[in-house]
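model.pdb, holding PDB, C-alpha atoms:
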ATOM      1  CA  GLN X 199    -180.870  70.835  24.882
ATOM      2  CA  GLU X 200    -177.569  68.975  24.812
ATOM      3  CA  ILE X 201    -178.373  67.483  21.402
ATOM      4  CA  THR X 202    -179.378  70.882  20.030
ATOM      5  CA  ARG X 203    -176.160  72.432  21.350
ATOM      6  CA  ARG X 204    -174.024  69.706  19.780
ATOM      7  CA  SER X 205    -175.937  70.065  16.533
ATOM      8  CA  LEU X 206    -175.186  73.796  16.397
ATOM      9  CA  GLU X 207    -171.524  73.303  17.332
ATOM     10  CA  GLY X 208    -170.926  70.409  14.936
ATOM     11  CA  LYS X 209    -170.112  67.953  17.719
ATOM     12  CA  LEU X 210    -172.640  65.228  17.005
ATOM     13  CA  ASN X 211    -171.867  61.514  16.838
ATOM     14  CA  GLU X 212    -173.794  58.301  16.279
ATOM     15  CA  PHE X 213    -174.903  58.139  19.916
ATOM     16  CA  TRP X 214    -176.501  61.573  19.973
ATOM     17  CA  VAL X 215    -178.190  61.083  16.610
ATOM     18  CA  GLY X 216    -179.702  57.817  17.814
ATOM     19  CA  LEU X 217    -180.825  59.441  21.043
ATOM     20  CA  ALA X 218    -182.591  62.192  19.082
ATOM     21  CA  ALA X 219    -185.147  59.655  17.854
ATOM     22  CA  ALA X 220    -186.653  59.604  21.354
ATOM     23  CA  ALA X 221    -187.805  63.192  20.794
ATOM     24  CA  GLY X 222    -189.829  62.317  17.714
ATOM     25  CA  LEU X 223    -189.335  61.854  13.987
ATOM     26  CA  PRO X 224    -189.137  65.561  12.984
ATOM     27  CA  PHE X 225    -186.434  66.254  15.570
ATOM     28  CA  TRP X 226    -184.480  63.151  14.582
ATOM     29  CA  GLU X 227    -184.600  64.160  10.900
ATOM     30  CA  HIS X 228    -183.355  67.658  11.792
ATOM     31  CA  VAL X 229    -180.474  66.254  13.852
ATOM     32  CA  THR X 230    -179.636  63.678  11.186
ATOM     33  CA  LEU X 231    -179.420  66.410   8.554
ATOM     34  CA  SER X 232    -177.105  68.433  10.799
ATOM     35  CA  TYR X 233    -174.952  65.350  11.389
ATOM     36  CA  ALA X 234    -174.759  64.572   7.663
ATOM     37  CA  ARG X 235    -173.574  68.118   6.938
ATOM     38  CA  GLN X 236    -171.062  67.817   9.758
ATOM     39  CA  LEU X 237    -169.700  64.611   8.200
ATOM     40  CA  VAL X 238    -169.323  66.382   4.855
ATOM     41  CA  ARG X 239    -167.281  69.129   6.518
ATOM     42  CA  GLU X 240    -165.128  66.421   8.091
ATOM     43  CA  SER X 241    -164.609  64.837   4.622
ATOM     44  CA  ARG X 242    -166.451  61.669   5.697
ATOM     45  CA  VAL X 243    -168.632  61.930   2.629
ATOM     46  CA  GLN X 244    -169.654  58.314   2.193
ATOM     47  CA  LEU X 245    -170.949  58.165   5.776
ATOM     48  CA  ALA X 246    -172.734  61.451   5.156
ATOM     49  CA  ALA X 247    -174.354  59.970   2.056
ATOM     50  CA  VAL X 248    -175.896  57.185   4.114
ATOM     51  CA  ARG X 249    -177.327  59.735   6.529
ATOM     52  CA  PHE X 250    -178.708  61.901   3.732
ATOM     53  CA  LEU X 251    -180.438  58.879   2.214
ATOM     54  CA  SER X 252    -181.907  57.843   5.568
ATOM     55  CA  ILE X 253    -183.977  61.038   5.586
ATOM     56  CA  GLY X 254    -184.740  61.082   1.866
ATOM     57  CA  ARG X 255    -182.303  63.858   0.911
ATOM     58  CA  VAL X 256    -181.263  62.247  -2.371
ATOM     59  CA  GLU X 257    -180.096  65.459  -4.033
ATOM     60  CA  ASP X 258    -177.882  66.378  -1.067
ATOM     61  CA  CYS X 259    -176.446  62.863  -1.102
ATOM     62  CA  VAL X 260    -175.607  62.957  -4.808
ATOM     63  CA  GLU X 261    -174.171  66.468  -4.740
ATOM     64  CA  SER X 262    -171.944  65.783  -1.732
ATOM     65  CA  LEU X 263    -170.527  62.628  -3.330
ATOM     66  CA  MET X 264    -169.994  64.355  -6.659
ATOM     67  CA  ASP X 265    -168.310  67.404  -5.099
ATOM     68  CA  LYS X 266    -165.747  65.159  -3.408
ATOM     69  CA  GLY X 267    -165.035  63.140  -6.562
ATOM     70  CA  TYR X 268    -166.996  59.979  -5.725
ATOM     71  CA  TYR X 269    -168.567  59.918  -9.172
ATOM     72  CA  ALA X 270    -169.289  56.185  -9.278
ATOM     73  CA  ASP X 271    -171.129  56.339  -5.945
ATOM     74  CA  ALA X 272    -172.968  59.503  -6.967
ATOM     75  CA  ALA X 273    -174.052  57.921 -10.240
ATOM     76  CA  THR X 274    -175.240  54.766  -8.484
ATOM     77  CA  VAL X 275    -177.494  56.783  -6.201
ATOM     78  CA  ALA X 276    -178.656  59.153  -8.948
ATOM     79  CA  PHE X 277    -179.529  56.426 -11.449
ATOM     80  CA  SER X 278    -181.360  54.341  -8.842
ATOM     81  CA  ARG X 279    -183.250  57.119  -7.032
ATOM     82  CA  LEU X 280    -183.782  59.856  -9.640
ATOM     83  CA  LEU X 281    -185.623  59.887 -12.957
ATOM     84  CA  PRO X 282    -183.404  59.526 -16.077
ATOM     85  CA  GLU X 283    -184.454  62.978 -17.274
ATOM     86  CA  ASP X 284    -183.582  64.625 -13.953
ATOM     87  CA  SER X 285    -181.033  67.402 -14.488
ATOM     88  CA  LEU X 286    -178.900  66.263 -11.533
ATOM     89  CA  ALA X 287    -178.701  62.710 -12.896
ATOM     90  CA  LYS X 288    -177.548  64.085 -16.249
ATOM     91  CA  THR X 289    -174.971  66.297 -14.534
ATOM     92  CA  VAL X 290    -173.520  63.338 -12.639
ATOM     93  CA  ALA X 291    -173.331  61.277 -15.837
ATOM     94  CA  ARG X 292    -171.618  64.108 -17.720
ATOM     95  CA  ARG X 293    -169.029  64.837 -15.030
ATOM     96  CA  TRP X 294    -168.230  61.146 -14.546
ATOM     97  CA  ALA X 295    -167.894  60.757 -18.305
ATOM     98  CA  GLU X 296    -165.377  63.608 -18.416
ATOM     99  CA  VAL X 297    -163.271  61.939 -15.725
ATOM    100  CA  LEU X 298    -163.424  58.544 -17.441
ATOM    101  CA  GLU X 299    -162.495  60.093 -20.774
ATOM    102  CA  GLN X 300    -159.478  61.843 -19.278
ATOM    103  CA  ARG X 301    -158.341  58.519 -17.818
ATOM    104  CA  GLY X 302    -158.595  56.846 -21.216
ATOM    105  CA  HIS X 303    -161.656  54.676 -20.488
ATOM    106  CA  ARG X 304    -163.388  55.291 -23.817
ATOM    107  CA  GLU X 305    -166.309  52.842 -23.680
ATOM    108  CA  PRO X 306    -167.471  53.662 -20.117
ATOM    109  CA  ALA X 307    -167.142  57.368 -20.919
ATOM    110  CA  CYS X 308    -169.274  56.849 -24.004
ATOM    111  CA  MET X 309    -172.003  55.145 -21.966
ATOM    112  CA  CYS X 310    -172.027  58.000 -19.435
ATOM    113  CA  TYR X 311    -172.227  60.632 -22.160
ATOM    114  CA  LEU X 312    -175.200  58.769 -23.617
ATOM    115  CA  ALA X 313    -176.829  58.715 -20.170
ATOM    116  CA  SER X 314    -176.319  62.488 -19.979
ATOM    117  CA  GLY X 315    -178.039  62.888 -23.350
ATOM    118  CA  ASN X 316    -174.906  64.035 -25.204
ATOM    119  CA  THR X 317    -174.555  61.733 -28.189
ATOM    120  CA  GLU X 318    -171.960  63.903 -29.907
ATOM    121  CA  ARG X 319    -169.566  63.735 -26.951
ATOM    122  CA  ALA X 320    -170.175  59.975 -26.774
ATOM    123  CA  VAL X 321    -168.994  59.652 -30.365
ATOM    124  CA  TYR X 322    -165.887  61.719 -29.754
ATOM    125  CA  ALA X 323    -165.095  59.674 -26.639
ATOM    126  CA  LEU X 324    -164.965  56.542 -28.789
ATOM    127  CA  LEU X 325    -162.741  58.269 -31.348
ATOM    128  CA  ARG X 326    -160.305  59.547 -28.727
ATOM    129  CA  LYS X 327    -156.842  58.047 -28.999
ATOM    130  CA  PRO X 328    -155.801  56.027 -25.936
ATOM    131  CA  ARG X 329    -153.104  57.358 -23.669
ATOM    132  CA  ARG X 330    -149.718  55.689 -23.658
ATOM    133  CA  SER X 331    -149.568  53.036 -20.984
ATOM    134  CA  LYS X 332    -146.542  52.538 -18.748
ATOM    135  CA  LYS X 333    -146.124  49.043 -20.166
ATOM    136  CA  LEU X 334    -145.805  50.369 -23.686
ATOM    137  CA  VAL X 335    -143.402  53.082 -22.590
ATOM    138  CA  ARG X 336    -141.168  50.438 -20.996
ATOM    139  CA  SER X 337    -141.409  48.406 -24.199
ATOM    140  CA  GLN X 338    -140.249  51.415 -26.165
ATOM    141  CA  GLN X 339    -137.272  51.908 -23.906
ATOM    142  CA  ALA X 340    -136.355  48.230 -24.149
ATOM    143  CA  ASN X 341    -136.368  48.341 -27.960
ATOM    144  CA  LEU X 342    -134.308  51.481 -28.494
ATOM    145  CA  GLN X 343    -131.648  49.466 -30.295
ATOM    146  CA  ASP X 344    -134.135  48.104 -32.844
ATOM    147  CA  PRO X 345    -135.660  50.903 -34.983
ATOM    148  CA  SER X 346    -138.289  48.633 -36.540
ATOM    149  CA  ASN X 347    -139.594  47.464 -33.167
ATOM    150  CA  LEU X 348    -139.466  50.993 -31.835
ATOM    151  CA  GLU X 349    -141.584  52.311 -34.689
ATOM    152  CA  ALA X 350    -144.277  49.699 -34.194
ATOM    153  CA  THR X 351    -144.299  50.155 -30.454
ATOM    154  CA  ALA X 352    -144.467  53.925 -30.735
ATOM    155  CA  ALA X 353    -147.396  53.735 -33.151
ATOM    156  CA  ALA X 354    -149.358  51.450 -30.858
ATOM    157  CA  ALA X 355    -148.503  53.496 -27.782
ATOM    158  CA  SER X 356    -149.592  56.775 -29.307
ATOM    159  CA  GLY X 357    -152.820  55.351 -30.650
ATOM    160  CA  ASP X 358    -151.745  55.916 -34.261
ATOM    161  CA  ASP X 359    -151.863  52.225 -35.129
ATOM    162  CA  PRO X 360    -154.144  51.946 -38.213
ATOM    163  CA  PHE X 361    -155.895  48.823 -36.964
ATOM    164  CA  ALA X 362    -156.687  50.513 -33.640
ATOM    165  CA  GLU X 363    -158.002  53.510 -35.544
ATOM    166  CA  SER X 364    -160.254  51.275 -37.623
ATOM    167  CA  ILE X 365    -161.756  49.791 -34.446
ATOM    168  CA  ARG X 366    -162.407  53.225 -32.950
ATOM    169  CA  THR X 367    -163.917  54.461 -36.205
ATOM    170  CA  THR X 368    -166.192  51.429 -36.530
ATOM    171  CA  GLN X 369    -167.421  51.798 -32.951
ATOM    172  CA  ALA X 370    -168.209  55.486 -33.429
ATOM    173  CA  LEU X 371    -169.900  54.869 -36.764
ATOM    174  CA  ASN X 372    -172.104  52.125 -35.320
ATOM    175  CA  LEU X 373    -173.068  54.391 -32.430
ATOM    176  CA  ILE X 374    -174.093  57.215 -34.757
ATOM    177  CA  ARG X 375    -176.196  54.853 -36.875
ATOM    178  CA  ARG X 376    -177.997  53.570 -33.767
ATOM    179  CA  VAL X 377    -178.680  56.728 -31.791
ATOM    180  CA  GLY X 378    -177.231  59.694 -33.681
ATOM    181  CA  GLY X 379    -179.448  62.586 -34.674
ATOM    182  CA  GLN X 380    -179.475  64.787 -37.734
ATOM    183  CA  GLU X 381    -176.632  66.907 -36.364
ATOM    184  CA  LEU X 382    -174.260  63.926 -36.661
ATOM    185  CA  ARG X 383    -175.056  62.994 -40.255
ATOM    186  CA  GLU X 384    -172.066  64.915 -41.591
ATOM    187  CA  LYS X 385    -169.824  63.192 -39.062
ATOM    188  CA  GLU X 386    -171.252  59.832 -40.121
ATOM    189  CA  THR X 387    -170.328  60.553 -43.738
ATOM    190  CA  LEU X 388    -166.767  61.514 -42.801
ATOM    191  CA  LEU X 389    -166.306  58.433 -40.614
ATOM    192  CA  ALA X 390    -167.671  56.126 -43.304
ATOM    193  CA  LYS X 391    -165.235  57.641 -45.804
ATOM    194  CA  ARG X 392    -162.327  57.214 -43.406
ATOM    195  CA  LEU X 393    -163.282  53.597 -42.698
ATOM    196  CA  ASP X 394    -163.321  52.890 -46.443
ATOM    197  CA  GLU X 395    -159.828  54.366 -46.687
ATOM    198  CA  LEU X 396    -158.624  52.115 -43.879
ATOM    199  CA  LYS X 397    -160.178  49.088 -45.566
ATOM    200  CA  GLY X 398    -158.396  50.084 -48.752
ATOM    201  CA  GLU X 399    -155.151  50.038 -46.833
ATOM    202  CA  HIS X 400    -155.957  46.448 -45.709
ATOM    203  CA  VAL X 401    -155.889  47.295 -42.049
ATOM    204  CA  VAL X 402    -159.351  45.954 -41.264
ATOM    205  CA  SER X 403    -159.167  42.200 -40.928
ATOM    206  CA  LYS X 404    -161.760  40.122 -42.758
ATOM    207  CA  PRO X 405    -164.029  37.830 -40.721
ATOM    208  CA  CYS X 406    -163.012  34.195 -40.571
TER     209      CYS X 406
END
As structure tokens, what does this structure read like?
Amino acid sequence: QEITRRSLEGKLNEFWVGLAAAAGLPFWEHVTLSYARQLVRESRVQLAAVRFLSIGRVEDCVESLMDKGYYADAATVAFSRLLPEDSLAKTVARRWAEVLEQRGHREPACMCYLASGNTERAVYALLRKPRRSKKLVRSQQANLQDPSNLEATAAAASGDDPFAESIRTTQALNLIRRVGGQELREKETLLAKRLDELKGEHVVSKPC
């Protein structure tokens, strides 16, 4: 009765959950589920995830981690315990990809978009210009007296550097040729044309 009361009031702890096992497996699973939900309410999500997994509640584990922004943890559980075609696994991959893309991590974002089944977004993630880093901003400020240095630094910081663009374009083009569907054929043509223009401008270095 004491365990049931604590379960209803959200006052469980490790001791009471362990003690619940003496009343049988079904009761322990019920108490463990209540404790996991209590931990989520207390924002102790990673501890809750362990409890969810201990009773086979994989979906609850993944959703609780994802809702609190633990995308890497959620993806680890989803990719290891769910089928690749599972809708929840694809949702985790997509939401993590969006976060990575916003943070400027193009390649990891691309991989997550591919895992979510969205090849088009994977291509655009590779083409996305990188955000200006603090280091480059400081370099700009240090070179204010030298217009030539400032121009080069600004181009690199903004992602407008032609060589950087050629790398992004090549990566996206290679991805389309490997896994792209019919809907990306027009994009492939445009990227190939742009890469030829960059080569014409001598911005793509030749192999040694």
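Interatomic distance, atom CA of Val275 of chain X to atom CA of Val260 of chain X: 6.6 Å.
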For this session: Identify all residues satisfying the PyMOL selection byres ((chain X and resi 229) around 12) in the given file; provide them as a ChimeraX atom specification.
Result: /X:199-228,230-236,249-250,252-253
For this session: Given the file shown, enumerate the residues that the PyMOL selection byres ((chain X and resi 314) around 12) captures and present them as a PyMOL selection string.
Result: chain X and resi 273+276-277+281-296+307-313+315-320
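Note that atom CA of Leu324 of chain X and atom CA of Gly302 of chain X are 9.9 Å apart.
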Problem set entry | Target residues per the PyMOL selection byres ((chain X and resi 244) around 12), formatted as number ranges by chain | X: 234-235, 237-243, 245-251, 258-272, 275
Okay, now the selection with C-alpha atoms, as a PDB file, in the coordinates of the input?
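Contents of part.pdb, as written:
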ATOM      1  CA  ALA X 234    -174.759  64.572   7.663  1.00  0.00           C
ATOM      2  CA  ARG X 235    -173.574  68.118   6.938  1.00  0.00           C
ATOM      3  CA  LEU X 237    -169.700  64.611   8.200  1.00  0.00           C
ATOM      4  CA  VAL X 238    -169.323  66.382   4.855  1.00  0.00           C
ATOM      5  CA  ARG X 239    -167.281  69.129   6.518  1.00  0.00           C
ATOM      6  CA  GLU X 240    -165.128  66.421   8.091  1.00  0.00           C
ATOM      7  CA  SER X 241    -164.609  64.837   4.622  1.00  0.00           C
ATOM      8  CA  ARG X 242    -166.451  61.669   5.697  1.00  0.00           C
ATOM      9  CA  VAL X 243    -168.632  61.930   2.629  1.00  0.00           C
ATOM     10  CA  LEU X 245    -170.949  58.165   5.776  1.00  0.00           C
ATOM     11  CA  ALA X 246    -172.734  61.451   5.156  1.00  0.00           C
ATOM     12  CA  ALA X 247    -174.354  59.970   2.056  1.00  0.00           C
ATOM     13  CA  VAL X 248    -175.896  57.185   4.114  1.00  0.00           C
ATOM     14  CA  ARG X 249    -177.327  59.735   6.529  1.00  0.00           C
ATOM     15  CA  PHE X 250    -178.708  61.901   3.732  1.00  0.00           C
ATOM     16  CA  LEU X 251    -180.438  58.879   2.214  1.00  0.00           C
ATOM     17  CA  ASP X 258    -177.882  66.378  -1.067  1.00  0.00           C
ATOM     18  CA  CYS X 259    -176.446  62.863  -1.102  1.00  0.00           C
ATOM     19  CA  VAL X 260    -175.607  62.957  -4.808  1.00  0.00           C
ATOM     20  CA  GLU X 261    -174.171  66.468  -4.740  1.00  0.00           C
ATOM     21  CA  SER X 262    -171.944  65.783  -1.732  1.00  0.00           C
ATOM     22  CA  LEU X 263    -170.527  62.628  -3.330  1.00  0.00           C
ATOM     23  CA  MET X 264    -169.994  64.355  -6.659  1.00  0.00           C
ATOM     24  CA  ASP X 265    -168.310  67.404  -5.099  1.00  0.00           C
ATOM     25  CA  LYS X 266    -165.747  65.159  -3.408  1.00  0.00           C
ATOM     26  CA  GLY X 267    -165.035  63.140  -6.562  1.00  0.00           C
ATOM     27  CA  TYR X 268    -166.996  59.979  -5.725  1.00  0.00           C
ATOM     28  CA  TYR X 269    -168.567  59.918  -9.172  1.00  0.00           C
ATOM     29  CA  ALA X 270    -169.289  56.185  -9.278  1.00  0.00           C
ATOM     30  CA  ASP X 271    -171.129  56.339  -5.945  1.00  0.00           C
ATOM     31  CA  ALA X 272    -172.968  59.503  -6.967  1.00  0.00           C
ATOM     32  CA  VAL X 275    -177.494  56.783  -6.201  1.00  0.00           C
TER      33      VAL X 275
END
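Pairwise distance (atom CA of Ile365 of chain X, atom CA of Val297 of chain X) equals 22.4 Å.
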Exercise. Given the choices X:Leu280, X:Ala390, X:Ala323, X:Ala370, which gets closest to Glu257 of chain X if the distance is worked out from only C-alpha atoms?
Worked result: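 Of the candidates, the smallest distance to Glu257 of chain X is held by X:Leu280.
Candidate residues X:Thr274, X:Leu298, X:Gly254, X:Arg304 were compared for distance to Arg326 of chain X, and the nearest is X:Arg304, using all atoms listed in the file.
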